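Written below as C-alpha cells is the structure these notes are about.
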Amino acid sequence: MRLDIFVLILGYVLSQFYRAFLAVLAPVLGRELGVTASDLALSSGLWFFSFAVMQIPVGIALDRIGPRATASVLLALGGAGGAMVFALAEGPVAIHVAMVMIGVGCSPVLMASYFIFARLYSPAVFGTLAGVMIGFGSLGNIAGSAPLALLVDAVGWRAALFGLAATTMVVAAALAIVVRDPERIRAQDGGRGSVTDLLRLPGFWAILPLMAVAYAPAASIRGLWAGPMLSDLYGADSTRIGTATLAMGLAMVAGNFAYGPLDRLFGTRKWVVFWGNALAAVALAVLAIAPDSGFWTVTALLAALGLMGSSFPAIMAHGRAFFPPHLIGRGVTFLNMFGIGGAGILQFASGGVFGAAAQGTPDAGAYTVLLVFFLVPLLIGLGIYLLSRESPE
C-alpha cells in the first residue's frame, strides 16, 4: 500500500469516528454541561451539514490546488481545532461550533483519496479501491463506541478530546508530508470546467437521486434509531443494543469491502448498484412490516440492511466513470455532497416524522411509519436510477 493512501485511511478513520462519537459522550455531557439529547442531535446534524456544504469548494480545491494542501490544511484547522474547542466546551453552543469545525475538517479526506484513485488508477479498479477505503475507515465508527467509552472512563472526556485533537493534528501533518499531488490537468477546450458541465453528462443526473437516499437508511438507523427501537419494543439494555448495532456495523464494513470488486466480477456497475439496493429495500420493507417480529430477527434484518445498504463506493464508481480528468475533483465531491447531504436531511426530518407517528407512545406502529419514511425515497431513487447509463459511451 502506498504510504500516502495509508495516511489518508487514517484521516478517514478519524472522519468516521467523529460522526459517531457523540452517542458515547451523551451521558457525561448531560451530567457536566447540561447538554440534552436534542442538543446533540443538532450538533450531529451540523456536522453533516457543514461536511456537505464543503463538498463543492473541496472539489474545486482538489482540481486547482491538489489533495495534499486541501486535506492537510482543512483537517488541521477544522478537525484538530474543532476537537480542541470541544475539549474546552462549557455548554451546548461550543459543542455546536466544534462539530461544525470538525465537519469542515473531515470534509476533504475521503474525496482526496478518491481523487488520487481516479487520477492514478484505471476506472476498472476504482470501485475496489473506494470500497477498501471506506471498509477500513469504518473502523473509526467502531472505535467511537466501546473503545471511546473505556478511554473516557479512564481519563475523562476532556482529556480524551485533547488526545483526539493531538492525534488529528499528527495525521494532518503526515498528510502534508507524504501526500503527492497528481499532475494537474486542464480542460481540452482551455476552460476550467464547472458543476453544470457534470449535469450535462448523459445519464449522470439519474445517479444523483439514488446517491442522495441510498446511504440514509443504514446510516440513520445504525447511528440514531436502532437503539430506541430495540429499547422501546424489546426492553433491550445497553448490552443487547450494543450487540445488535455491532452486528449491523460489522455488516456495513463487510458490505463496503464486498461491493468494491463486484462490478468487475459481473461486468456491470449499474446493475450491481441496482440489485444491491433493491435487496436493501426488501430488508427495510420486511423490517417495516414486522418491527416486533423478535429481537434476533430484527437484528438479522438490521445486519442485512447494513450489508446491502453499503453501496456508497459502488455508486461512486459508477459516477466516476462519467468524469473527464479535469472534472474528477468536482465530480466525486458533487456525488459525495448528495450522499452526505441526503443522509443529513432525512436524519433531521426523521425525528419529526417519528414524533408525529408516536404521539407519546413509541410502539411498533410508530416505528413502521419511521421505516417506511426511509423506504419510500429509496424506492423512488431506484426507479430514477433505471434511467442512468452504464457508462458515457
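Residue names in the C-alpha cells use chain letters A, B, ... in the order shown, residue numbers from 1 in each chain, and ligand numbers from 1 in the order shown.
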Item to complete: Give the alpha helix (DSSP H) residues of stretch 97-233 of chain A, as DSSP finds them on the backbone, and put them as an NGL selection string.
Response: :A and (97-106 or 109-120 or 123-137 or 139-143 or 146-155 or 157-178 or 195-199 or 208-214 or 216-220 or 226-233)
How close does stretch 2-43 of chain A get to stretch 62-72 of chain A? List, as CSV, each residue of stretch 2-43 of chain A within 10 Å, its nearest atom pair and the distance in Å to one decimal, counting only C-alpha atoms.
```
residue,atom,partner,partner_atom,distance
A:Asp4,CA,A:Arg68,CA,9.4
A:Leu8,CA,A:Ala71,CA,8.7
A:Gly11,CA,A:Ala71,CA,8.9
```
Dump of N, CA, C and O atoms for the selected residues, as a CSV table (one decimal), in the first residue's frame:
```
chain,number,residue,atom,x,y,z
A,4,ASP,N,1.0,7.3,1.2
A,4,ASP,CA,0.0,8.4,1.3
A,4,ASP,C,-1.4,7.9,1.4
A,4,ASP,O,-2.2,8.5,2.1
A,8,LEU,N,-4.1,8.7,4.4
A,8,LEU,CA,-5.4,9.1,4.1
A,8,LEU,C,-6.5,8.2,4.7
A,8,LEU,O,-7.5,8.7,5.2
A,11,GLY,N,-6.8,9.3,8.2
A,11,GLY,CA,-7.7,10.5,8.2
A,11,GLY,C,-9.2,10.2,8.1
A,11,GLY,O,-10.0,10.7,8.8
```
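Of the listed residues A:Pro57, A:Pro92, A:Gly383, A:Gly360, the one whose atoms come nearest to A:Leu42 is A:Pro92, with distances taken using only C-alpha atoms.
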Worksheet item: Please, what distance in Å, to one decimal, runs between atom CA of A:Phe115 and atom CA of A:Leu335?
Response: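 Distance reported for this atom pair: 12.5 Å.
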Any chance you could tabulate, as a Markdown table, the residues of stretch 136-238 of chain A at most 9 Å from stretch 307-316 of chain A with each one's nearest atom pair and distance in Å to one decimal, using only C-alpha atoms, in chain and rising number order?
```
| residue | atom | partner | partner_atom | distance |
| --- | --- | --- | --- | --- |
| A:Ile207 | CA | A:Ile315 | CA | 7.6 |
| A:Leu210 | CA | A:Ile315 | CA | 8.4 |
| A:Met211 | CA | A:Ile315 | CA | 6.7 |
| A:Ala214 | CA | A:Gly309 | CA | 6.6 |
| A:Tyr215 | CA | A:Gly309 | CA | 6.5 |
| A:Ala216 | CA | A:Gly309 | CA | 8.8 |
| A:Pro217 | CA | A:Gly309 | CA | 7.6 |
| A:Ala218 | CA | A:Gly309 | CA | 6.1 |
| A:Ala219 | CA | A:Gly309 | CA | 8.8 |
```
Item to complete: Determine the nearest neighbour of A:Thr196 from the options A:Ala159, A:Ile56, A:Leu151, A:Met133, counting only C-alpha atoms.
Response: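 So, comparing all the options, the nearest one is A:Ile56.
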Discussion item. Taking only C-alpha atoms into account, name the residue in A:Ala173, A:Leu164, A:Leu22, A:Val213 that is nearest to A:Gly339.
Written reply: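 With only C-alpha atoms as the atom set, the closest residue is A:Val213.
Candidate residues A:Ser113, A:Thr299, A:Ser107, A:Ser122 were compared for distance to A:Ile134, and the nearest is A:Ser113, using only C-alpha atoms.
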Worksheet entry | Option closest in space to A:Pro228, from A:Met99, A:Ala364, A:Met54, A:Ile142 [counting only C-alpha atoms] |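 Comparing A:Met99, A:Ala364, A:Met54, A:Ile142 against A:Pro228, the winner is A:Ala364.
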Worksheet item: Which one of A:Phe274, A:Phe48, A:Tyr121, A:Phe86 sits closest to A:Leu386 if you count only C-alpha atoms?
Response: A:Phe274
